[in-house]
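So this block is coords-v9.tsv, TSV, C-alpha atoms (C1' of nucleotides):
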chain	number	residue	atom	x	y	z
A	1	MET	CA	116.92	124.42	65.67
A	2	ASN	CA	118.85	127.13	67.35
A	3	VAL	CA	121.60	125.36	69.23
A	4	VAL	CA	124.33	126.46	71.58
A	5	PHE	CA	127.17	123.99	71.75
A	6	MET	CA	129.45	123.46	74.70
A	7	GLY	CA	132.52	121.26	74.43
A	8	THR	CA	136.27	121.31	74.72
A	9	PRO	CA	138.47	118.38	73.63
A	10	LYS	CA	138.78	116.45	70.42
A	11	PHE	CA	135.98	114.16	71.47
A	12	ALA	CA	133.50	117.02	71.19
A	13	VAL	CA	134.48	118.13	67.70
A	14	PRO	CA	132.56	115.53	65.66
A	15	THR	CA	129.39	116.42	67.52
A	16	LEU	CA	129.83	120.05	66.62
A	17	GLU	CA	130.48	119.08	63.04
A	18	ALA	CA	127.43	116.83	62.96
A	19	LEU	CA	125.26	119.63	64.26
A	20	ALA	CA	126.50	121.99	61.61
A	21	GLN	CA	126.12	119.40	58.90
A	22	ALA	CA	122.58	118.61	59.99
A	23	GLY	CA	121.70	122.18	59.28
A	24	HIS	CA	121.14	123.40	62.79
A	25	GLU	CA	121.70	127.02	63.50
A	26	ILE	CA	124.56	127.11	65.95
A	27	SER	CA	124.39	130.53	67.50
A	28	GLY	CA	127.33	130.09	69.79
A	29	VAL	CA	130.05	127.72	70.94
A	30	ILE	CA	131.20	127.67	74.53
A	31	THR	CA	134.57	126.14	75.26
A	32	GLN	CA	137.27	126.32	77.89
A	33	PRO	CA	139.69	129.25	77.82
A	34	ASP	CA	142.89	128.84	75.85
A	35	ALA	CA	145.59	127.32	77.97
A	36	MET	CA	149.21	126.30	77.86
A	37	ARG	CA	148.91	122.86	76.43
A	38	ASP	CA	152.11	122.08	74.69
A	39	ARG	CA	155.68	122.25	75.75
A	40	GLY	CA	157.47	125.48	75.23
A	41	LYS	CA	154.68	127.03	73.28
A	42	LYS	CA	152.16	129.58	74.38
A	43	LEU	CA	148.43	129.57	74.73
A	44	GLN	CA	146.65	127.02	72.62
A	45	PRO	CA	143.01	127.07	71.61
A	46	THR	CA	140.86	124.05	72.40
A	47	PRO	CA	140.04	121.68	69.53
A	48	VAL	CA	136.43	122.82	69.71
A	49	LYS	CA	137.43	126.44	69.38
A	50	GLU	CA	139.47	125.69	66.30
A	51	LYS	CA	136.56	123.96	64.68
A	52	ALA	CA	134.11	126.68	65.67
A	53	VAL	CA	136.34	129.34	64.17
A	54	GLU	CA	136.59	127.28	61.02
A	55	LEU	CA	132.80	127.10	60.87
A	56	GLY	CA	132.52	130.79	61.55
A	57	ILE	CA	130.61	130.40	64.78
A	58	PRO	CA	131.02	132.90	67.64
A	59	VAL	CA	133.12	131.43	70.45
A	60	TYR	CA	132.75	132.17	74.14
A	61	GLN	CA	135.33	131.09	76.68
A	62	PRO	CA	134.16	132.03	80.14
A	63	ALA	CA	136.65	131.26	82.88
A	64	LYS	CA	133.79	130.29	85.11
A	65	ILE	CA	130.14	129.52	84.70
A	66	LYS	CA	128.87	129.74	88.22
A	67	ASN	CA	127.75	133.17	89.36
A	68	ASN	CA	128.79	134.69	86.08
A	69	GLU	CA	126.01	137.17	85.32
A	70	GLU	CA	127.59	138.38	82.16
A	71	PHE	CA	127.85	134.91	80.72
A	72	LEU	CA	124.32	134.08	81.78
A	73	ALA	CA	123.06	137.16	80.00
A	74	THR	CA	124.98	136.27	76.87
A	75	LEU	CA	123.54	132.80	76.92
A	76	LYS	CA	120.02	134.12	77.24
A	77	GLU	CA	120.64	136.46	74.38
A	78	LEU	CA	121.63	133.57	72.17
A	79	ALA	CA	118.21	132.14	72.99
A	80	PRO	CA	118.98	128.51	72.16
A	81	ASP	CA	116.19	125.98	71.78
A	82	VAL	CA	118.56	123.47	73.21
A	83	ILE	CA	122.07	123.42	74.58
A	84	VAL	CA	124.21	120.50	73.48
A	85	VAL	CA	127.10	119.56	75.73
A	86	ALA	CA	129.94	117.20	74.91
A	87	ALA	CA	132.87	116.96	77.29
A	88	TYR	CA	132.79	120.60	78.18
A	89	GLY	CA	134.75	120.19	81.38
A	90	LYS	CA	132.73	122.09	83.89
A	91	ILE	CA	129.55	121.48	85.82
A	92	LEU	CA	126.63	123.55	84.63
A	93	PRO	CA	124.62	125.24	87.38
A	94	ALA	CA	120.85	125.09	87.48
A	95	GLU	CA	120.42	128.62	86.20
A	96	VAL	CA	122.05	127.54	82.96
A	97	LEU	CA	120.17	124.28	82.70
A	98	ILE	CA	116.81	126.03	82.70
A	99	ILE	CA	117.56	128.47	79.91
A	100	PRO	CA	116.78	126.40	76.80
A	101	PRO	CA	113.13	125.36	76.40
A	102	LEU	CA	114.13	121.88	75.27
A	103	GLY	CA	116.73	121.54	77.97
A	104	CYS	CA	120.41	120.76	78.01
A	105	VAL	CA	121.41	117.58	76.27
A	106	ASN	CA	124.66	115.78	76.93
A	107	VAL	CA	126.65	113.39	74.78
A	108	HIS	CA	128.26	110.97	77.19
A	109	ALA	CA	130.75	108.26	76.25
A	110	SER	CA	129.40	105.34	78.20
A	111	LEU	CA	126.29	103.25	78.54
A	112	LEU	CA	124.75	104.99	81.49
A	113	PRO	CA	124.22	104.59	84.32
A	114	LYS	CA	127.63	102.93	84.24
A	115	TYR	CA	130.72	105.10	84.09
A	116	ARG	CA	129.39	108.47	85.01
A	117	GLY	CA	132.14	111.04	85.13
A	118	ALA	CA	135.09	112.37	83.19
A	119	GLY	CA	136.90	109.17	82.27
A	120	PRO	CA	134.27	106.77	80.99
A	121	ILE	CA	136.15	105.45	78.00
A	122	GLN	CA	139.36	104.64	79.81
A	123	ARG	CA	137.57	103.15	82.79
A	124	ALA	CA	135.49	100.88	80.61
A	125	ILE	CA	138.66	99.52	79.04
A	126	LEU	CA	140.39	99.16	82.41
A	127	GLU	CA	137.47	97.21	83.80
A	128	GLY	CA	137.57	94.81	80.89
A	129	GLU	CA	134.11	95.65	79.64
A	130	GLU	CA	133.20	93.95	76.39
A	131	LYS	CA	131.21	96.86	75.13
A	132	THR	CA	130.64	100.50	75.74
A	133	GLY	CA	128.87	103.22	73.88
A	134	ILE	CA	127.22	106.59	73.78
A	135	THR	CA	124.31	107.84	75.82
A	136	ILE	CA	122.44	110.99	74.88
A	137	MET	CA	120.79	112.37	77.97
A	138	TYR	CA	119.23	115.35	79.62
A	139	MET	CA	121.48	117.14	82.00
A	140	ALA	CA	120.55	117.33	85.61
A	141	GLU	CA	122.34	118.90	88.50
A	142	GLY	CA	124.08	115.71	89.50
A	143	LEU	CA	127.08	114.36	87.64
A	144	ASP	CA	125.77	112.56	84.56
A	145	THR	CA	122.58	111.64	86.37
A	146	GLY	CA	119.98	113.02	83.98
A	147	ASP	CA	117.33	111.05	82.16
A	148	MET	CA	118.51	109.10	79.14
A	149	LEU	CA	117.22	109.76	75.65
A	150	SER	CA	119.07	107.35	73.39
A	151	LYS	CA	122.00	104.98	73.25
A	152	ALA	CA	124.38	103.39	70.79
A	153	GLU	CA	126.81	100.56	71.48
A	154	THR	CA	130.13	99.34	70.21
A	155	SER	CA	132.46	96.53	71.21
A	156	ILE	CA	135.74	97.33	72.89
A	157	GLU	CA	137.79	94.36	71.72
A	158	LYS	CA	141.47	95.35	71.72
A	159	LYS	CA	140.88	98.98	70.91
A	160	THR	CA	142.88	101.68	72.60
A	161	ALA	CA	141.27	104.59	74.38
A	162	GLU	CA	142.35	106.78	71.51
A	163	GLU	CA	140.66	104.58	68.94
A	164	LEU	CA	137.56	104.22	71.04
A	165	THR	CA	137.38	107.94	71.66
A	166	GLU	CA	137.49	108.65	67.98
A	167	GLU	CA	134.89	106.02	67.24
A	168	LEU	CA	132.58	107.11	70.02
A	169	ALA	CA	132.97	110.75	69.11
A	170	LEU	CA	131.68	110.07	65.62
A	171	MET	CA	128.98	107.84	67.01
A	172	GLY	CA	127.97	110.53	69.45
A	173	GLY	CA	127.59	113.17	66.78
A	174	LYS	CA	125.49	110.86	64.67
A	175	LEU	CA	123.28	109.76	67.51
A	176	LEU	CA	122.79	113.30	68.69
A	177	VAL	CA	121.52	114.61	65.38
A	178	GLU	CA	119.24	111.62	65.16
A	179	THR	CA	117.92	112.29	68.62
A	180	LEU	CA	117.36	116.04	68.43
A	181	PRO	CA	114.40	115.92	66.03
A	182	LEU	CA	112.69	113.34	68.20
A	183	LEU	CA	113.27	115.55	71.17
A	184	GLU	CA	111.86	118.55	69.39
A	185	SER	CA	108.75	116.70	68.29
A	186	GLY	CA	108.30	115.16	71.68
A	187	GLU	CA	108.49	111.64	70.29
A	188	ILE	CA	110.83	110.47	72.98
A	189	GLN	CA	110.98	111.03	76.65
A	190	GLY	CA	113.78	110.58	79.08
A	191	GLU	CA	114.32	107.28	80.79
A	192	VAL	CA	115.30	107.56	84.42
A	193	GLN	CA	118.69	106.08	85.30
A	194	ASP	CA	118.78	103.22	87.74
A	195	ASP	CA	121.04	104.67	90.39
A	196	SER	CA	121.69	101.27	91.90
A	197	LEU	CA	123.58	100.30	88.77
A	198	ALA	CA	125.55	103.51	88.56
A	199	THR	CA	129.34	103.52	88.68
A	200	TYR	CA	131.70	106.44	88.71
A	201	ALA	CA	134.55	106.91	86.24
A	202	PRO	CA	136.93	109.47	87.63
A	203	MET	CA	139.10	111.51	85.33
A	204	ILE	CA	142.33	109.80	84.31
A	205	SER	CA	145.42	111.25	85.91
A	206	LYS	CA	149.10	110.80	85.25
A	207	LYS	CA	149.26	108.31	88.07
A	208	ASP	CA	146.79	106.00	86.41
A	209	GLY	CA	149.52	105.17	83.96
A	210	GLN	CA	151.85	103.64	86.51
A	211	ILE	CA	151.99	99.90	86.11
A	212	ASP	CA	151.60	97.65	89.12
A	213	PHE	CA	153.02	94.25	88.28
A	214	GLU	CA	151.16	92.81	91.21
A	215	LYS	CA	148.19	92.89	88.90
A	216	SER	CA	147.59	90.28	86.25
A	217	ALA	CA	149.07	90.54	82.79
A	218	VAL	CA	145.58	90.78	81.38
A	219	GLU	CA	144.75	93.76	83.55
A	220	ILE	CA	148.00	95.49	82.71
A	221	GLU	CA	147.47	94.98	79.01
A	222	ARG	CA	144.10	96.70	79.39
A	223	GLN	CA	145.81	99.51	81.23
A	224	VAL	CA	148.28	99.92	78.39
A	225	ARG	CA	145.40	100.38	75.95
A	226	ALA	CA	143.44	102.64	78.26
A	227	MET	CA	146.35	105.03	78.77
A	228	ILE	CA	146.71	105.80	75.08
A	229	PRO	CA	147.20	108.55	74.05
A	230	TRP	CA	147.69	109.92	77.53
A	231	PRO	CA	149.41	109.45	79.92
A	232	GLY	CA	150.80	106.16	78.65
A	233	ALA	CA	151.37	103.10	80.81
A	234	TYR	CA	154.74	103.33	82.46
A	235	THR	CA	157.16	101.72	84.85
A	236	TYR	CA	160.82	102.30	85.59
A	237	TYR	CA	163.95	100.56	84.33
A	238	LYS	CA	167.09	101.37	86.31
A	239	GLY	CA	165.38	104.42	87.69
A	240	GLU	CA	164.41	105.76	84.31
A	241	LEU	CA	160.91	106.15	83.00
A	242	PHE	CA	159.99	103.25	80.76
A	243	LYS	CA	156.73	103.50	78.89
A	244	ILE	CA	154.90	100.64	77.32
A	245	TRP	CA	152.62	101.64	74.46
A	246	GLU	CA	151.69	98.26	73.15
A	247	ALA	CA	151.66	94.89	74.81
A	248	SER	CA	150.25	91.43	74.67
A	249	THR	CA	149.97	88.72	77.28
A	250	MET	CA	151.22	85.21	77.84
A	251	ASP	CA	149.80	82.65	80.23
A	252	GLU	CA	153.10	81.56	81.74
A	253	THR	CA	153.61	83.08	85.15
A	254	GLY	CA	156.92	81.49	86.09
A	255	ASN	CA	158.64	81.75	89.42
A	256	ASN	CA	160.05	85.22	89.13
A	257	ALA	CA	158.89	88.15	91.19
A	258	PRO	CA	156.29	90.37	89.53
A	259	GLY	CA	158.04	92.92	87.35
A	260	THR	CA	160.98	90.71	86.44
A	261	VAL	CA	162.23	90.85	82.87
A	262	THR	CA	162.45	87.23	81.81
A	263	ALA	CA	163.18	87.51	78.11
A	264	ALA	CA	163.91	90.07	75.46
A	265	SER	CA	163.85	89.47	71.74
A	266	GLY	CA	162.44	90.94	68.61
A	267	ASP	CA	159.11	89.52	69.63
A	268	GLY	CA	158.97	91.65	72.72
A	269	ILE	CA	160.21	92.18	76.21
A	270	VAL	CA	158.65	89.64	78.51
A	271	ILE	CA	157.86	90.75	82.03
A	272	SER	CA	156.42	88.50	84.67
A	273	THR	CA	153.38	89.64	86.62
A	274	LYS	CA	151.35	88.30	89.48
A	275	GLU	CA	149.43	86.26	86.97
A	276	GLY	CA	150.74	85.59	83.50
A	277	SER	CA	153.38	87.57	81.67
A	278	LEU	CA	153.22	90.85	79.85
A	279	VAL	CA	154.98	91.14	76.51
A	280	ALA	CA	155.93	94.72	75.77
A	281	LYS	CA	155.83	95.28	72.03
A	282	THR	CA	156.25	99.03	71.74
A	283	VAL	CA	158.23	100.98	74.30
A	284	GLN	CA	159.65	104.42	74.89
A	285	ILE	CA	162.23	106.03	77.14
A	286	PRO	CA	162.57	109.74	77.95
A	287	GLY	CA	163.70	111.93	75.12
A	288	LYS	CA	163.19	109.17	72.59
A	289	LYS	CA	160.43	108.17	70.28
A	290	ARG	CA	158.26	105.14	70.63
A	291	VAL	CA	159.91	102.14	69.04
A	292	SER	CA	159.14	98.48	68.65
A	293	ALA	CA	160.80	96.16	71.14
A	294	ALA	CA	162.92	94.87	68.28
A	295	ASP	CA	164.20	98.34	67.44
A	296	TYR	CA	164.69	99.19	71.08
A	297	LEU	CA	166.95	96.20	71.56
A	298	LYS	CA	169.13	97.10	68.60
A	299	GLY	CA	170.67	99.96	70.45
A	300	ASN	CA	169.68	99.46	74.06
A	301	SER	CA	170.34	96.48	76.19
A	302	ILE	CA	167.94	95.11	78.69
A	303	GLU	CA	169.23	93.26	81.67
A	304	LEU	CA	167.41	89.99	82.12
A	305	LEU	CA	166.05	89.22	85.58
A	306	ARG	CA	166.02	92.91	86.34
A	307	VAL	CA	162.89	93.94	88.22
A	308	LEU	CA	160.97	96.89	86.84
A	309	GLY	CA	159.16	99.40	88.93
B	1	C	C1'	160.76	133.02	76.44
B	2	G	C1'	158.28	126.91	82.02
B	3	C	C1'	162.45	122.59	82.80
B	4	G	C1'	165.13	118.96	80.12
B	5	G	C1'	166.83	115.00	76.41
B	6	G	C1'	167.78	114.32	71.22
B	7	G	C1'	168.61	114.81	65.63
B	8	U	C1'	175.45	110.23	63.30
B	9	A	C1'	174.75	104.26	57.40
B	10	G	C1'	167.74	101.26	55.96
B	11	A	C1'	166.60	100.70	61.74
B	12	G	C1'	168.15	101.33	67.04
B	13	C	C1'	172.38	103.36	69.42
B	14	A	C1'	177.97	104.75	70.71
B	15	G	C1'	181.55	108.44	69.72
B	16	C	C1'	181.09	114.63	71.63
B	17	U	C1'	188.22	116.21	77.46
B	18	G	C1'	188.67	118.31	68.62
B	19	G	C1'	192.77	115.08	64.22
B	20	U	C1'	188.07	113.01	57.99
B	21	A	C1'	183.32	107.76	62.26
B	22	G	C1'	182.02	102.78	65.20
B	23	C	C1'	178.49	98.87	67.45
B	24	U	C1'	174.01	95.82	67.01
B	25	C	C1'	170.20	94.48	63.55
B	26	G	C1'	169.02	94.56	58.50
B	27	U	C1'	171.02	94.21	53.45
B	28	C	C1'	174.41	92.01	49.43
B	29	G	C1'	178.13	88.06	48.32
B	30	G	C1'	180.65	83.68	49.96
B	31	G	C1'	181.43	79.55	53.47
B	32	C	C1'	179.78	75.81	57.05
B	33	U	C1'	175.42	72.65	57.92
B	34	C	C1'	170.52	67.42	56.88
B	35	A	C1'	168.87	72.18	58.20
B	36	U	C1'	168.15	77.34	60.30
B	37	A	C1'	165.77	84.02	62.12
B	38	A	C1'	172.08	79.73	63.97
B	39	C	C1'	177.45	80.25	63.09
B	40	C	C1'	182.04	82.02	60.20
B	41	C	C1'	184.28	85.31	56.34
B	42	G	C1'	183.84	89.45	53.24
B	43	G	C1'	181.31	93.84	50.90
B	44	A	C1'	178.00	97.94	49.99
B	45	G	C1'	175.89	101.91	52.47
B	46	G	C1'	176.92	108.18	56.21
B	47	U	C1'	176.79	116.10	52.98
B	48	C	C1'	177.62	113.20	61.33
B	49	A	C1'	169.60	117.86	60.63
B	50	G	C1'	170.50	123.11	57.98
B	51	G	C1'	173.33	127.79	58.27
B	52	G	C1'	177.32	130.75	60.40
B	53	G	C1'	181.77	131.13	63.51
B	54	U	C1'	186.53	129.61	66.27
B	55	U	C1'	190.76	126.45	64.59
B	56	C	C1'	196.24	124.07	60.92
B	57	A	C1'	192.05	120.61	61.79
B	58	A	C1'	185.01	119.90	64.23
B	59	A	C1'	180.24	114.81	64.50
B	60	U	C1'	183.04	116.71	68.56
B	61	C	C1'	183.75	123.96	70.97
B	62	C	C1'	180.50	128.74	70.26
B	63	C	C1'	176.00	131.20	67.84
B	64	U	C1'	171.57	130.38	65.13
B	65	U	C1'	167.33	127.97	62.29
B	66	C	C1'	164.24	123.73	61.61
B	67	C	C1'	162.32	119.06	63.47
B	68	C	C1'	161.41	114.98	67.32
B	69	C	C1'	160.67	113.58	72.38
B	70	G	C1'	160.34	113.27	78.18
B	71	C	C1'	158.69	116.35	82.44
B	72	A	C1'	155.55	120.11	83.96
B	73	A	C1'	150.77	122.25	82.78
Show how you would write the structure in this file as structure tokens.
Amino acid sequence: MNVVFMGTPKFAVPTLEALAQAGHEISGVITQPDAMRDRGKKLQPTPVKEKAVELGIPVYQPAKIKNNEEFLATLKELAPDVIVVAAYGKILPAEVLIIPPLGCVNVHASLLPKYRGAGPIQRAILEGEEKTGITIMYMAEGLDTGDMLSKAETSIEKKTAEELTEELALMGGKLLVETLPLLESGEIQGEVQDDSLATYAPMISKKDGQIDFEKSAVEIERQVRAMIPWPGAYTYYKGELFKIWEASTMDETGNNAPGTVTAASGDGIVISTKEGSLVAKTVQIPGKKRVSAADYLKGNSIELLRVLG
RNA sequence: CGCGGGGUAGAGCAGCUGGUAGCUCGUCGGGCUCAUAACCCGGAGGUCAGGGGUUCAAAUCCCUUCCCCGCAA
């Protein structure tokens, strides 16, 4: 099939690869414009652009999609049978959605209708879901509201958002190439989403990483996993940023105020919470690398009974 | 050239108002102990990221290269 692919971050790359590997003719790749991504450096291409260039596919990076006649014309010229979208980063207007005969198909990282939106993976972890997955769906004008075509599941367990993203990305590419032929032959039809079950997963922001020790240790541990690789779960120790990259929980709540450091050893830095205690296993302070609690304590002292936050 | 922190023994850090380097952990040897990831004694281990400069003398001051990281995006 003649496919136009739209995607931006790392998550979208395996889908692009899967499409190419499945032998589809990818006439164009649309991705976000290059932007300043790293410190000090200059413009950086998106992961999808890098892969597209590697595959020798023409790349388009329109600054905007809406009311962009030139882009619309280009898209029509590419004459895709279907447009595949994976974490592109912008809402597609109706005039784009109607271009491909087979429609626009989205690879979404949740089991819709739950977790519509830009942060489905992290939100599923935060909420303590046992499983999540991939939904391949038609795109509609609403946010992730289109009819569903296929799904695949995986368990969350103690995975981090980074691990889940990688896993789901691969899963998404696989499921997509399995779904496309069925779509082309008309063997499957979209299943309408039950809006009453829908939840919204807003994009993760820096602030989502701030730890609130008034929550339970279990919730905070989920937050730690959900904030990997970005922005990282953090609190403050003596006014300085203190990130926790890996943690476990203990049942003991104790009598200390939430956020109090109650113990520090090679096994971890124990912090009391509203319910249970959090044991920080891997931490990081500004300008330094992530280190195990044991390594951290070799050269840094931690004041017991100090309250973090 | 977005702002900033940092590269010192295997690991994590101190020293940085210049005079050949120190702490904690680990490691090796010994001692104590019923016993120990405990304690005591002793030892090994460092071109102080690379290059250049200032100086009688630089980890410490100046210039530069490489690498790591926090913030901001």
| Computed interatomic separation between CA of Gly173 in chain A and CA of Val53 in chain A (Å) |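 Computed distance, CA of Gly173 in chain A to CA of Val53 in chain A, equals 18.6 Å.
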| query | Could you write out as a VMD selection string the residues of chain B within 12 Å of chain A, counting only C-alpha atoms (C1' of nucleotides)? | reply | chain B and resid 1 to 7 11 to 14 23 to 26 37 68 to 73
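Our summary of the geometry notes that CA of Asp34 in chain A is positioned 28.6 Å from CA of Arg225 in chain A.
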Spatial neighbours of G29 in chain B, 12 Å, all atoms listed in the file, chain gap at least 4 places, as a JSON list (two decimals) with C-alpha atoms (C1' of nucleotides), in the coordinates of the input:
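Now in out.json:
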[["chain", "number", "residue", "atom", "x", "y", "z"],
["B", 41, "C", "C1'", 184.28, 85.31, 56.34],
["B", 42, "G", "C1'", 183.84, 89.45, 53.24],
["B", 43, "G", "C1'", 181.31, 93.84, 50.90],
["B", 44, "A", "C1'", 178.00, 97.94, 49.99]]
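Take the candidates B:G31, B:G46, B:G22, B:G15 and check each one against U60 in chain B using all atoms listed in the file; the shortest distance goes to B:G15.
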| request: Could you jot down the CA of Gly309 in chain A to CA of Glu252 in chain A separation for me, Å, one decimal place? | output: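 Interatomic distance, CA of Gly309 in chain A to CA of Glu252 in chain A: 20.2 Å.
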| said: So that I can check the surroundings of range 244-248 of chain A, please list as a list in words every protein, DNA and RNA residue that reaches within 8 Å of it, counting all atoms listed in the file and ignoring chain neighbours fewer than 4 positions away. | reply: Glu221, Val224, Arg225, Ile228, Gly232, Ala233, Tyr234, Thr235, Leu278, Val279, Ala280, Lys281, Thr282, Val283, Gln284 and Arg290 of chain A
| task | Write out as JSON, numbers by chain each polymer residue whose atoms come within 6 Å of Tyr88 in chain A, counting only C-alpha atoms (C1' of nucleotides); drop sequence neighbours fewer than 3 positions from it. | result | {"A": [6, 7, 8]}
Go ahead and dump the residues you just picked, C-alpha atoms, as a PDB file, keeping the file's coordinate frame.
ATOM      1  CA  MET A   6     129.450 123.460  74.700  1.00  0.00           C
ATOM      2  CA  GLY A   7     132.520 121.260  74.430  1.00  0.00           C
ATOM      3  CA  THR A   8     136.270 121.310  74.720  1.00  0.00           C
TER       4      THR A   8
END
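Excluding Thr145 in chain A and any residue on its chain fewer than 2 positions from it, the residues at most 8 Å away by all atoms listed in the file are A:Pro113, A:Arg116, A:Met139, A:Ala140, A:Glu141, A:Gly142, A:Leu143, A:Asp147, A:Gln193.
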| query | Within 12 Å of (118.4, 104.2, 73.6), in the coordinates the file gives, what residues turn up when you count only C-alpha atoms (C1' of nucleotides), written out as a list of chain:residue names? | reply |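 Every residue inside that radius is included here: A:Ser110, A:Leu111, A:Leu112, A:Gly133, A:Ile134, A:Thr135, A:Ile136, A:Met137, A:Asp147, A:Met148, A:Leu149, A:Ser150, A:Lys151, A:Ala152, A:Glu153, A:Leu175, A:Leu176, A:Glu178, A:Thr179, A:Ile188, A:Gln189, A:Gly190, A:Glu191, A:Val192, A:Gln193.
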Once N, CA, C and O atoms are restored for range 243-257 of chain A, what would the output be as a compact mmCIF listing (two decimals), in the frame of the given file?
# COMPACT_ATOMS: atom_id res chain seq x y z
N LYS A 243 158.13 103.58 79.27
CA LYS A 243 156.73 103.50 78.89
C LYS A 243 156.46 102.32 77.97
O LYS A 243 157.30 101.96 77.14
N ILE A 244 155.31 101.75 78.16
CA ILE A 244 154.90 100.64 77.32
C ILE A 244 153.64 101.06 76.58
O ILE A 244 152.61 101.33 77.19
N TRP A 245 153.75 101.15 75.26
CA TRP A 245 152.62 101.64 74.46
C TRP A 245 151.81 100.53 73.82
O TRP A 245 150.71 100.76 73.33
N GLU A 246 152.41 99.36 73.78
CA GLU A 246 151.69 98.26 73.15
C GLU A 246 152.19 96.99 73.81
O GLU A 246 153.39 96.84 74.03
N ALA A 247 151.25 96.12 74.14
CA ALA A 247 151.66 94.89 74.81
C ALA A 247 150.68 93.78 74.53
O ALA A 247 149.55 94.01 74.11
N SER A 248 151.15 92.56 74.77
CA SER A 248 150.25 91.43 74.67
C SER A 248 150.50 90.60 75.93
O SER A 248 151.33 90.97 76.76
N THR A 249 149.81 89.51 76.06
CA THR A 249 149.97 88.72 77.28
C THR A 249 150.33 87.28 76.96
O THR A 249 150.08 86.79 75.86
N MET A 250 150.93 86.63 77.95
CA MET A 250 151.22 85.21 77.84
C MET A 250 150.73 84.57 79.14
O MET A 250 150.73 85.21 80.19
N ASP A 251 150.34 83.32 79.04
CA ASP A 251 149.80 82.65 80.23
C ASP A 251 150.86 82.32 81.27
O ASP A 251 150.60 82.35 82.46
N GLU A 252 152.06 81.99 80.81
CA GLU A 252 153.10 81.56 81.74
C GLU A 252 153.39 82.61 82.82
O GLU A 252 153.66 83.76 82.52
N THR A 253 153.33 82.17 84.05
CA THR A 253 153.61 83.08 85.15
C THR A 253 155.05 82.93 85.61
O THR A 253 155.75 83.89 85.87
N GLY A 254 155.54 81.70 85.68
CA GLY A 254 156.92 81.49 86.09
C GLY A 254 157.11 81.71 87.57
O GLY A 254 156.17 81.98 88.31
N ASN A 255 158.36 81.63 87.99
CA ASN A 255 158.64 81.75 89.42
C ASN A 255 159.26 83.08 89.81
O ASN A 255 159.66 83.29 90.94
N ASN A 256 159.40 83.95 88.83
CA ASN A 256 160.05 85.22 89.13
C ASN A 256 159.11 86.20 89.80
O ASN A 256 157.89 86.13 89.64
N ALA A 257 159.69 87.13 90.51
CA ALA A 257 158.89 88.15 91.19
C ALA A 257 158.20 89.01 90.14
O ALA A 257 158.72 89.22 89.05
